[in-house]
Amino acid sequence: AFSPCGQTLATGGGAFTVILWDAQTGKAELMLEKLTDWVTSVSFSADGARLASGSEDLSIRVWDTSTGDILRTFLGSHDTFVFQVQFSPADNRVLVSTGVPESRLKLWDVDSGEMLRSFGFCILAEFGPDGRRIATLSNSDFNVFHLVNAESGVVLSTLASHTGYVSSISFSVNGSNESKLASGSYDGTCKVWDSSTGALLRTIGVGQRLLSLAWGRDWVQDTQRGVAFAMGHHPRLGAGSRVLEPFELDA
């Protein structure tokens, strides 16, 4: 995960360590080492001052990114490993989803340690740019996902068009695309949606199983671009992975 300013990259993995890197020089700036299992997910707070990490040791830890100190640890709140953590882009809430068989989505207040809401069965989720909406994918309908009110848990829209497993969802975060949402699927398509209405705006045929996608920023033209990763073969990543060239989601 990149910090909001883009200057720091946080990585986890099998070394039971979170590393903060200088994104320009590639130099490791800080090692966060008080973990006992694989680090599965990391996310910066909106101001970049804190980092949340999820782990297969069932923990969620919140770190001070300047000192490396642990500010808060959530333990015993899940029955399975932490699959995903994400800070709200608007405040101090953090969204947590867990792996199978629990597959639960929970919203926590980082400052108080209080669980604010449980959304039930869910395997994938992402905050909208205003922090008021969450895109969620349940573990029952893998080709359908929902836009949910983050405070009430009420489903605002159901987005159903993919014919295969939805592997990635990503909100656009700035500019003219601020109300758009992209989804990638094993059906070989990327779909662009109006996140306010749930209307399907565009379908892009990729021809490969999409593993992940994200909105990137063109700093020269101040526009958003789509970046996709597809299943396939890549000599450096090994069998099962292939990187696609960036494609314009608004083209």
# chains A, B, ... in the order shown; residues from 1 in each chain; ligands from 1
call {"tool": "select_by_dssp", "arguments": {"residues": "segment 3-251 of chain A", "states": "strand (DSSP E)", "output": "number ranges by chain"}}
result
A: 8-11, 18-22, 28-32, 39-44, 50-55, 60-64, 70-74, 82-87, 93-98, 104-109, 115-121, 124-127, 133-137, 144-149, 155-160, 166-171, 180-185, 189-194, 200-205, 210-218, 223-230, 233-234, 238-239, 242-243
call {"tool": "residues_around", "arguments": {"residues": "segment 147-157 of chain A", "least_positions_apart": "4", "cutoff": "9 Å", "atoms": "only C-alpha atoms", "output": "short mmCIF file (atom, residue, chain, number, x, y, z; two decimals) with N, CA, C and O atoms, in the first residue's frame"}}
result
data_model
loop_
_atom_site.label_atom_id
_atom_site.label_comp_id
_atom_site.auth_asym_id
_atom_site.auth_seq_id
_atom_site.Cartn_x
_atom_site.Cartn_y
_atom_site.Cartn_z
N LEU A 107 -16.46 -3.26 11.09
CA LEU A 107 -16.00 -1.87 11.09
C LEU A 107 -15.62 -1.48 12.51
O LEU A 107 -16.41 -1.62 13.43
N LEU A 116 -17.90 -1.04 15.59
CA LEU A 116 -19.06 -0.21 15.29
C LEU A 116 -20.17 -0.98 14.58
O LEU A 116 -21.34 -0.71 14.80
N ARG A 117 -19.78 -1.93 13.74
CA ARG A 117 -20.79 -2.67 12.98
C ARG A 117 -20.19 -3.94 12.41
O ARG A 117 -19.01 -3.98 12.04
N SER A 118 -21.02 -4.99 12.36
CA SER A 118 -20.67 -6.21 11.64
C SER A 118 -21.63 -6.34 10.46
O SER A 118 -22.84 -6.22 10.62
N PHE A 119 -21.06 -6.56 9.28
CA PHE A 119 -21.87 -6.61 8.07
C PHE A 119 -22.20 -8.04 7.64
O PHE A 119 -22.73 -8.25 6.57
N PHE A 127 -13.83 0.86 0.90
CA PHE A 127 -14.46 2.15 1.20
C PHE A 127 -14.57 2.98 -0.07
O PHE A 127 -13.66 3.00 -0.91
N GLY A 131 -15.90 7.78 2.43
CA GLY A 131 -16.01 6.99 3.65
C GLY A 131 -17.43 6.66 4.05
O GLY A 131 -17.65 5.99 5.05
N ARG A 132 -18.42 7.10 3.27
CA ARG A 132 -19.82 6.87 3.63
C ARG A 132 -20.41 5.63 3.00
O ARG A 132 -21.45 5.14 3.42
N ARG A 133 -19.74 5.12 1.97
CA ARG A 133 -20.21 3.92 1.28
C ARG A 133 -19.11 2.87 1.25
O ARG A 133 -17.92 3.18 1.26
N ILE A 134 -19.54 1.62 1.22
CA ILE A 134 -18.62 0.50 1.11
C ILE A 134 -19.12 -0.42 0.01
O ILE A 134 -20.31 -0.75 -0.05
N ALA A 135 -18.22 -0.81 -0.87
CA ALA A 135 -18.54 -1.84 -1.86
C ALA A 135 -18.18 -3.18 -1.25
O ALA A 135 -17.06 -3.37 -0.76
N THR A 136 -19.11 -4.13 -1.24
CA THR A 136 -18.90 -5.41 -0.59
C THR A 136 -19.22 -6.56 -1.53
O THR A 136 -20.13 -6.47 -2.36
N SER A 195 -21.13 4.87 -9.16
CA SER A 195 -21.28 4.40 -7.78
C SER A 195 -22.41 5.11 -7.03
O SER A 195 -22.80 4.68 -5.95
N SER A 196 -22.92 6.20 -7.59
CA SER A 196 -24.05 6.88 -6.96
C SER A 196 -25.38 6.18 -7.26
O SER A 196 -26.26 6.09 -6.41
N THR A 197 -25.50 5.68 -8.50
CA THR A 197 -26.77 5.08 -8.92
C THR A 197 -26.70 3.57 -9.09
O THR A 197 -27.73 2.90 -9.14
N GLY A 198 -25.47 3.03 -9.21
CA GLY A 198 -25.33 1.60 -9.47
C GLY A 198 -25.46 1.25 -10.94
O GLY A 198 -25.45 0.07 -11.31
#
call {"tool": "residues_around", "arguments": {"residues": "segment 7-19 of chain A", "least_positions_apart": "4", "cutoff": "7 Å", "atoms": "only C-alpha atoms", "output": "compact mmCIF listing (two decimals) with N, CA and C atoms, in the first residue's frame"}}
result
# COMPACT_ATOMS: atom_id res chain seq x y z
N ALA A 1 0.85 -1.19 0.00
CA ALA A 1 0.00 0.00 0.00
C ALA A 1 0.89 1.25 0.00
N PHE A 2 0.49 2.24 -0.81
CA PHE A 2 1.19 3.51 -0.82
C PHE A 2 0.58 4.46 0.20
N SER A 3 1.40 5.31 0.78
CA SER A 3 0.91 6.36 1.65
C SER A 3 0.14 7.37 0.82
N ALA A 23 9.60 5.31 -1.54
CA ALA A 23 9.13 4.91 -2.87
C ALA A 23 10.04 5.40 -3.98
N GLN A 24 10.82 6.43 -3.73
CA GLN A 24 11.71 6.96 -4.77
C GLN A 24 13.07 6.27 -4.78
N ALA A 28 14.69 0.83 2.59
CA ALA A 28 13.83 0.51 3.72
C ALA A 28 14.02 1.54 4.82
N LEU A 30 11.74 1.78 7.70
CA LEU A 30 11.26 1.35 9.02
C LEU A 30 10.80 -0.11 8.93
N MET A 31 11.16 -0.90 9.95
CA MET A 31 10.76 -2.30 10.02
C MET A 31 9.82 -2.45 11.22
N LEU A 32 8.62 -2.98 10.97
CA LEU A 32 7.63 -3.21 12.01
C LEU A 32 7.57 -4.72 12.23
N GLU A 33 8.11 -5.19 13.38
CA GLU A 33 8.45 -6.61 13.50
C GLU A 33 7.70 -7.38 14.57
N LEU A 35 5.16 -9.18 14.94
CA LEU A 35 4.12 -10.03 14.40
C LEU A 35 4.56 -11.48 14.50
N THR A 36 3.59 -12.39 14.53
CA THR A 36 3.92 -13.80 14.74
C THR A 36 3.48 -14.69 13.59
N ASP A 37 3.01 -14.09 12.48
CA ASP A 37 2.59 -14.89 11.33
C ASP A 37 2.58 -13.98 10.09
N TRP A 38 2.17 -14.54 8.98
CA TRP A 38 2.14 -13.81 7.71
C TRP A 38 1.32 -12.52 7.83
N VAL A 39 1.82 -11.48 7.19
CA VAL A 39 1.08 -10.22 7.09
C VAL A 39 0.26 -10.27 5.80
N THR A 40 -1.05 -10.19 5.93
CA THR A 40 -1.93 -10.39 4.78
C THR A 40 -2.39 -9.10 4.14
N SER A 41 -2.37 -7.97 4.88
CA SER A 41 -2.91 -6.72 4.34
C SER A 41 -2.38 -5.54 5.14
N VAL A 42 -2.15 -4.41 4.46
CA VAL A 42 -1.74 -3.18 5.13
C VAL A 42 -2.51 -2.01 4.52
call {"tool": "atom_distance", "arguments": {"atom1": "atom CA of Ala90 of chain A", "atom2": "atom CA of Glu29 of chain A"}}
result
26.3 Å
call {"tool": "closest_residue", "arguments": {"among": "A:Asp91, A:Asp69, A:Asp141, A:Glu126", "to": "Asp47 of chain A", "atoms": "only C-alpha atoms"}}
result
A:Asp91
call {"tool": "atom_distance", "arguments": {"atom1": "atom CA of Leu159 of chain A", "atom2": "atom CA of Phe171 of chain A"}}
result
13.8 Å
call {"tool": "atom_distance", "arguments": {"atom1": "atom CA of Asp79 of chain A", "atom2": "atom CA of Gly113 of chain A"}}
result
17.6 Å
call {"tool": "closest_residue", "arguments": {"among": "A:Arg93, A:Thr80, A:Val110, A:Gly207", "to": "Arg61 of chain A", "atoms": "only C-alpha atoms"}}
result
A:Val110
call {"tool": "residues_around", "arguments": {"residues": "Met115 of chain A", "least_positions_apart": "4", "cutoff": "12 Å", "atoms": "only C-alpha atoms", "output": "PyMOL selection string"}}
result
chain A and resi 74+77-78+93-96+105-111+119
call {"tool": "write_last_selection", "arguments": {"atoms": "C-alpha atoms", "output": "PDB file, in the first residue's frame"}}
result
ATOM      1  CA  PHE A  74      -7.038  -6.027  18.235  1.00  0.00           C
ATOM      2  CA  SER A  77     -12.057 -10.473  17.767  1.00  0.00           C
ATOM      3  CA  HIS A  78     -11.957 -12.954  14.875  1.00  0.00           C
ATOM      4  CA  ARG A  93     -12.488   3.893  11.223  1.00  0.00           C
ATOM      5  CA  VAL A  94     -10.904   0.746   9.856  1.00  0.00           C
ATOM      6  CA  LEU A  95     -12.663  -1.923   7.826  1.00  0.00           C
ATOM      7  CA  VAL A  96     -11.675  -5.546   8.420  1.00  0.00           C
ATOM      8  CA  LEU A 105     -16.783  -7.867   7.545  1.00  0.00           C
ATOM      9  CA  LYS A 106     -16.420  -5.601  10.580  1.00  0.00           C
ATOM     10  CA  LEU A 107     -15.997  -1.870  11.086  1.00  0.00           C
ATOM     11  CA  TRP A 108     -13.849  -0.681  14.001  1.00  0.00           C
ATOM     12  CA  ASP A 109     -13.107   2.639  15.674  1.00  0.00           C
ATOM     13  CA  VAL A 110      -9.317   2.724  15.912  1.00  0.00           C
ATOM     14  CA  ASP A 111      -9.194   5.289  18.728  1.00  0.00           C
ATOM     15  CA  PHE A 119     -21.873  -6.612   8.068  1.00  0.00           C
TER      16      PHE A 119
END
